[in-house]
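> Sending over work_35.tsv (TSV, C-alpha atoms).
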chain	number	residue	atom	x	y	z
A	443	MET	CA	0.00	0.00	0.00
A	444	THR	CA	1.37	3.39	-1.04
A	445	GLU	CA	1.94	5.84	1.80
A	446	TRP	CA	0.51	9.35	1.39
A	447	PHE	CA	3.96	10.96	1.26
A	448	GLU	CA	5.02	8.74	-1.63
A	449	LYS	CA	2.29	10.32	-3.76
A	450	SER	CA	1.98	13.87	-2.45
A	451	PHE	CA	5.53	15.19	-2.94
A	452	GLY	CA	5.46	15.26	-6.72
A	453	ARG	CA	4.94	17.84	-9.47
A	454	ASP	CA	1.69	19.16	-8.03
A	455	TYR	CA	3.40	19.80	-4.69
A	456	LEU	CA	5.58	22.37	-6.44
A	457	LEU	CA	2.43	24.20	-7.50
A	458	VAL	CA	0.55	23.94	-4.19
A	459	TYR	CA	3.55	25.27	-2.23
A	460	LYS	CA	4.90	27.67	-4.84
A	461	HIS	CA	4.66	30.55	-2.32
A	462	ARG	CA	7.62	29.24	-0.31
A	463	ASP	CA	10.70	31.20	-1.31
A	464	MET	CA	14.46	31.27	-0.85
A	465	GLN	CA	14.41	34.53	1.10
A	466	GLY	CA	12.19	32.99	3.77
A	467	ALA	CA	14.53	30.00	4.04
A	468	TYR	CA	17.55	32.31	4.26
A	469	GLU	CA	16.02	34.26	7.15
A	470	GLU	CA	15.13	31.07	9.03
A	471	VAL	CA	18.65	29.71	8.63
A	472	ARG	CA	20.17	33.03	9.67
A	473	ARG	CA	18.27	32.78	12.96
A	474	MET	CA	19.40	29.19	13.41
A	475	MET	CA	23.05	30.15	13.29
A	476	GLU	CA	23.13	31.21	16.93
A	477	TRP	CA	21.42	28.01	18.04
A	478	LEU	CA	23.77	25.66	16.23
A	479	GLU	CA	26.98	27.40	17.31
A	480	LEU	CA	28.96	25.75	14.54
A	481	PRO	CA	32.18	26.90	12.88
A	482	GLU	CA	32.35	27.64	9.18
A	483	GLY	CA	32.92	24.44	7.23
A	484	ALA	CA	30.95	22.28	9.66
A	485	GLU	CA	29.14	19.28	8.16
A	486	VAL	CA	25.33	19.66	8.24
A	487	LEU	CA	22.64	17.20	7.16
A	488	ASP	CA	19.29	18.65	6.05
A	489	LEU	CA	17.02	15.67	6.73
A	490	CYS	CA	13.96	15.87	4.46
A	491	CYS	CA	15.41	18.71	2.41
A	492	GLY	CA	12.55	18.94	-0.08
A	493	MET	CA	13.25	21.48	-2.81
A	494	GLY	CA	16.56	22.39	-1.16
A	495	ARG	CA	15.75	25.91	0.02
A	496	HIS	CA	17.22	25.48	3.49
A	497	SER	CA	20.12	23.35	2.23
A	498	MET	CA	21.17	26.10	-0.14
A	499	ALA	CA	20.82	28.72	2.58
A	500	LEU	CA	22.97	26.62	4.93
A	501	ASN	CA	25.54	26.27	2.18
A	502	GLY	CA	25.48	30.03	1.73
A	503	PHE	CA	26.46	30.47	5.35
A	504	GLY	CA	29.60	28.42	4.82
A	505	PHE	CA	28.52	24.96	5.94
A	506	ARG	CA	29.24	21.76	4.03
A	507	VAL	CA	25.75	20.48	3.40
A	508	THR	CA	24.12	17.18	2.54
A	509	GLY	CA	20.43	17.26	1.67
A	510	MET	CA	18.37	14.05	1.80
A	511	ASP	CA	14.78	13.48	0.68
A	512	LEU	CA	12.46	10.68	-0.43
A	513	SER	CA	11.04	12.61	-3.36
A	514	GLU	CA	13.03	12.39	-6.58
A	515	VAL	CA	10.89	15.22	-7.98
A	516	LEU	CA	11.84	17.60	-5.15
A	517	LEU	CA	15.49	16.52	-5.29
A	518	ALA	CA	15.52	17.37	-9.00
A	519	GLU	CA	14.32	20.88	-8.11
A	520	ALA	CA	17.02	21.12	-5.44
A	521	ARG	CA	19.71	20.21	-7.96
A	522	LYS	CA	18.44	22.97	-10.26
A	523	LEU	CA	18.93	25.47	-7.44
A	524	ASP	CA	22.41	24.16	-6.79
A	525	THR	CA	23.91	25.44	-10.03
A	526	ALA	CA	27.49	25.14	-8.74
A	527	GLY	CA	26.99	21.60	-7.42
A	528	GLU	CA	28.08	22.55	-3.91
A	529	VAL	CA	25.56	20.43	-1.94
A	530	ARG	CA	25.52	16.63	-1.82
A	531	TRP	CA	21.98	15.44	-2.64
A	532	VAL	CA	20.90	11.99	-1.46
A	533	HIS	CA	17.72	10.04	-2.15
A	534	GLY	CA	16.46	8.08	0.85
A	535	ASP	CA	13.94	7.39	3.59
A	536	MET	CA	14.41	9.23	6.90
A	537	ARG	CA	13.75	5.99	8.79
A	538	ASN	CA	16.75	4.35	7.14
A	539	VAL	CA	19.10	7.04	5.87
A	540	PRO	CA	21.56	5.62	3.30
A	541	ILE	CA	24.52	7.54	4.75
A	542	THR	CA	27.26	6.25	7.05
A	543	ASP	CA	28.89	9.65	7.70
A	544	GLN	CA	28.39	11.52	10.94
A	545	PHE	CA	27.57	15.22	10.99
A	546	ASP	CA	28.22	18.21	13.20
A	547	ALA	CA	24.51	19.03	12.95
A	548	VAL	CA	21.29	17.47	11.66
A	549	VAL	CA	18.30	19.71	10.94
A	550	ASN	CA	14.74	18.62	10.26
A	551	LEU	CA	12.73	21.66	9.24
A	552	PHE	CA	9.27	22.91	8.32
A	553	THR	CA	7.32	20.11	10.01
A	554	SER	CA	9.02	17.22	8.25
A	555	PHE	CA	8.38	14.98	11.25
A	556	GLY	CA	5.37	12.95	12.36
A	557	TYR	CA	4.51	11.69	8.88
A	558	PHE	CA	4.09	8.08	9.97
A	559	SER	CA	1.01	6.51	11.52
A	560	GLY	CA	3.00	4.24	13.83
A	561	ASP	CA	4.99	5.51	16.81
A	562	ARG	CA	7.83	3.10	16.04
A	563	ASP	CA	8.46	4.72	12.67
A	564	ASN	CA	8.54	8.23	14.14
A	565	GLU	CA	10.83	7.03	16.94
A	566	GLN	CA	13.09	5.39	14.36
A	567	VAL	CA	13.63	8.77	12.70
A	568	LEU	CA	15.01	10.11	15.98
A	569	ARG	CA	17.27	7.07	16.37
A	570	GLU	CA	18.59	7.77	12.88
A	571	MET	CA	19.29	11.37	13.86
A	572	TYR	CA	21.27	10.11	16.85
A	573	ARG	CA	23.26	7.73	14.61
A	574	LEU	CA	24.00	10.45	12.08
A	575	LEU	CA	25.22	12.96	14.67
A	576	ALA	CA	28.85	12.98	15.69
A	577	PRO	CA	29.36	12.96	19.48
A	578	GLY	CA	28.61	16.48	20.63
A	579	GLY	CA	26.73	17.19	17.41
A	580	ARG	CA	23.74	19.54	17.40
A	581	PHE	CA	20.22	19.13	16.04
A	582	ILE	CA	17.14	21.20	15.29
A	583	ILE	CA	13.65	19.77	14.82
A	584	ASP	CA	11.23	22.44	13.64
A	585	TYR	CA	7.78	21.01	14.35
A	586	LEU	CA	4.26	22.38	14.61
A	587	ASN	CA	2.64	23.26	17.93
A	588	PRO	CA	-0.35	20.89	18.24
A	589	ALA	CA	-2.37	23.22	20.47
A	590	TYR	CA	-1.91	26.17	18.12
A	591	VAL	CA	-2.88	24.06	15.13
A	592	ALA	CA	-6.06	22.91	16.87
A	593	ALA	CA	-7.02	26.46	17.84
A	594	HIS	CA	-6.27	28.10	14.48
A	595	LEU	CA	-7.13	25.42	11.95
A	596	ILE	CA	-8.74	26.78	8.78
A	597	PRO	CA	-11.14	24.00	7.73
A	598	HIS	CA	-11.47	25.02	4.10
A	599	SER	CA	-9.73	27.30	1.62
A	600	VAL	CA	-9.65	27.70	-2.15
A	601	ARG	CA	-7.26	29.52	-4.47
A	602	THR	CA	-6.09	29.53	-8.06
A	603	VAL	CA	-2.44	29.20	-9.08
A	604	GLU	CA	-1.37	29.28	-12.72
A	605	GLY	CA	-4.93	28.54	-13.79
A	606	ILE	CA	-5.22	25.53	-11.46
A	607	HIS	CA	-8.04	25.55	-8.90
A	608	ILE	CA	-6.71	24.33	-5.53
A	609	ASP	CA	-9.22	23.24	-2.90
A	610	GLU	CA	-7.82	22.42	0.55
A	611	LYS	CA	-9.80	20.88	3.42
A	612	ARG	CA	-8.23	20.46	6.85
A	613	ARG	CA	-9.38	18.50	9.86
A	614	ILE	CA	-8.13	16.96	13.09
A	615	GLU	CA	-8.97	13.32	13.62
A	616	ASP	CA	-7.48	10.28	15.36
A	617	GLY	CA	-4.54	12.30	16.70
A	618	PHE	CA	-3.51	13.73	13.31
A	619	VAL	CA	-3.97	16.98	11.46
A	620	ARG	CA	-5.03	15.94	7.98
A	621	LYS	CA	-5.38	17.83	4.73
A	622	THR	CA	-7.12	16.82	1.51
A	623	ILE	CA	-5.95	18.75	-1.54
A	624	VAL	CA	-7.95	18.67	-4.76
A	625	LEU	CA	-6.51	20.22	-7.95
A	626	GLN	CA	-8.54	20.86	-11.07
A	627	ASP	CA	-7.68	22.71	-14.25
A	628	GLY	CA	-9.93	23.93	-17.04
A	629	SER	CA	-9.05	21.14	-19.44
A	630	GLY	CA	-11.67	18.76	-18.13
A	631	SER	CA	-8.99	16.15	-17.42
A	632	GLY	CA	-10.44	15.41	-14.00
A	633	GLU	CA	-9.42	16.04	-10.42
A	634	ARG	CA	-6.10	15.19	-8.82
A	635	VAL	CA	-6.47	14.39	-5.12
A	636	TYR	CA	-3.73	14.27	-2.50
A	637	GLU	CA	-3.70	13.59	1.22
A	638	GLU	CA	-1.29	14.94	3.82
A	639	GLN	CA	-1.09	14.13	7.52
A	640	VAL	CA	1.08	14.93	10.51
A	641	LYS	CA	0.79	13.20	13.86
A	642	LEU	CA	0.01	15.65	16.67
A	643	ILE	CA	2.71	14.95	19.24
A	644	GLY	CA	2.58	16.99	22.43
A	645	GLN	CA	5.63	18.43	24.17
A	646	GLU	CA	5.90	15.81	26.93
A	647	ARG	CA	5.55	12.89	24.52
A	648	PHE	CA	8.09	14.45	22.16
A	649	LEU	CA	10.58	14.92	24.98
A	650	ASP	CA	10.13	11.27	25.98
A	651	MET	CA	10.82	10.18	22.41
A	652	LEU	CA	13.97	12.31	22.24
A	653	GLU	CA	15.23	10.89	25.53
A	654	LEU	CA	14.63	7.32	24.35
A	655	ALA	CA	16.68	8.09	21.26
A	656	GLY	CA	19.56	9.43	23.36
A	657	LEU	CA	19.11	13.06	22.31
A	658	LYS	CA	19.43	15.88	24.84
A	659	ILE	CA	17.41	19.10	24.74
A	660	ASP	CA	19.00	22.52	25.29
A	661	ALA	CA	16.04	24.73	24.34
A	662	ILE	CA	12.50	24.71	23.00
A	663	TYR	CA	11.50	27.78	21.00
A	664	GLY	CA	8.05	28.89	19.93
A	665	ASP	CA	9.18	30.43	16.64
A	666	TYR	CA	12.27	31.47	14.70
A	667	ASP	CA	12.47	34.68	16.71
A	668	ALA	CA	13.80	32.51	19.60
A	669	SER	CA	10.75	33.26	21.73
A	670	ALA	CA	10.14	30.77	24.53
A	671	TYR	CA	7.73	27.96	23.72
A	672	GLU	CA	4.27	28.61	25.15
A	673	PRO	CA	1.87	25.68	24.61
A	674	ASP	CA	-1.22	27.83	24.12
A	675	ARG	CA	0.31	30.66	22.10
A	676	SER	CA	3.39	29.60	20.13
A	677	LYS	CA	3.06	28.90	16.42
A	678	ARG	CA	5.92	26.40	16.39
A	679	MET	CA	7.62	23.90	18.70
A	680	ILE	CA	11.30	23.98	17.76
A	681	PHE	CA	13.60	21.60	19.61
A	682	VAL	CA	17.29	22.43	19.78
A	683	GLY	CA	19.68	19.96	21.36
A	684	ARG	CA	22.62	17.66	20.97
A	685	ARG	CA	24.02	14.20	21.09
A	686	ASP	CA	26.28	13.92	24.10
A	687	ALA	CA	29.92	13.12	23.53
Let me see the structure of the file written as structure tokens.


Amino acid sequence: MTEWFEKSFGRDYLLVYKHRDMQGAYEEVRRMMEWLELPEGAEVLDLCCGMGRHSMALNGFGFRVTGMDLSEVLLAEARKLDTAGEVRWVHGDMRNVPITDQFDAVVNLFTSFGYFSGDRDNEQVLREMYRLLAPGGRFIIDYLNPAYVAAHLIPHSVRTVEGIHIDEKRRIEDGFVRKTIVLQDGSGSGERVYEEQVKLIGQERFLDMLELAGLKIDAIYGDYDASAYEPDRSKRMIFVGRRDA
């Protein structure tokens, strides 16, 4: 059975999320610099790099970057951005990363966690992060804030991009935030339907999972402005920590 993420991160994803730009990624990475406390030339893995926006921004700040993603379509877009061939791009599953190197930092950004229905799979991702970090290495997991999502969920929205009608319905059910995306153009070729889901993992449960994986927390931020995480108010839940030496 095909998982939702095997279908959803294709050509239509580039259209649905066309509004995400390099400048936004650059600003997010710039704010991360203080959290990572890494020297120029440090080795960084962008786990679930998507179209490569953050990988390229990290490279621009002087890090040696590897970007890994499951989607060949998104990796192809990342390679187009990387005109000088400065980033190593790897195709793989975050539960079983096909890399034996260890890194000074591993980052997992823009809610690229909680994709799996089973707890074991999500926990396995954290174990992989531990394996991929050198002793003393740093990590960032930029995740949604479940309480904020529940309070501010927009159940339905429609828009048109490049002549394509995009209908998005969102709901919370069975411990997940789920989205159904329907695309339709004027050619009469029919609808294209995609599903997305992210498991809603609360702070305490997330901290337990990190501890089981051997990862230590230094800070939890509520957004990229480094504001303290507040369960009822913060937009994000960003974990910053390390693998002990």

> Please measure the separation of CA of Gly492 in chain A and CA of Lys621 in chain A, giving the value in Å to one decimal.

18.6 Å

> Pick the closest to Phe558 in chain A from A:Lys641, A:His496, A:Arg473, A:Arg675: which is it, counting only C-alpha atoms?

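For Phe558 in chain A, the nearest of the given residues is A:Lys641.
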
> Neighbouring residues of range 477-485 of chain A were defined as those with any atom within 8 Å, considering only C-alpha atoms; residues of the same chain fewer than 5 positions away were excluded. Please report them as a PDB file with C-alpha atoms, keeping the file's coordinate frame.


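The resulting file, result_29.pdb, is reproduced below:
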ATOM      1  CA  PHE A 503      26.460  30.470   5.350  1.00  0.00           C
ATOM      2  CA  GLY A 504      29.600  28.420   4.820  1.00  0.00           C
ATOM      3  CA  PHE A 505      28.520  24.960   5.940  1.00  0.00           C
ATOM      4  CA  ARG A 506      29.240  21.760   4.030  1.00  0.00           C
ATOM      5  CA  VAL A 507      25.750  20.480   3.400  1.00  0.00           C
ATOM      6  CA  THR A 508      24.120  17.180   2.540  1.00  0.00           C
ATOM      7  CA  PHE A 545      27.570  15.220  10.990  1.00  0.00           C
ATOM      8  CA  ASP A 546      28.220  18.210  13.200  1.00  0.00           C
ATOM      9  CA  ALA A 547      24.510  19.030  12.950  1.00  0.00           C
ATOM     10  CA  ARG A 580      23.740  19.540  17.400  1.00  0.00           C
ATOM     11  CA  PHE A 581      20.220  19.130  16.040  1.00  0.00           C
ATOM     12  CA  VAL A 682      17.290  22.430  19.780  1.00  0.00           C
TER      13      VAL A 682
END

> Grab the CA of Asp686 in chain A to CA of Ala655 in chain A distance for me, in Å with one decimal place.

11.6 Å

> Suppose you want the space between CA of Glu514 in chain A and CA of Arg453 in chain A; what is it in Å?

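CA of Arg453 in chain A lies 10.2 Å from CA of Glu514 in chain A.
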
> For Ser554 in chain A, which of A:Ile582, A:Tyr666, A:Glu615, A:Arg685 is the closest residue, counting only C-alpha atoms?

A:Ile582
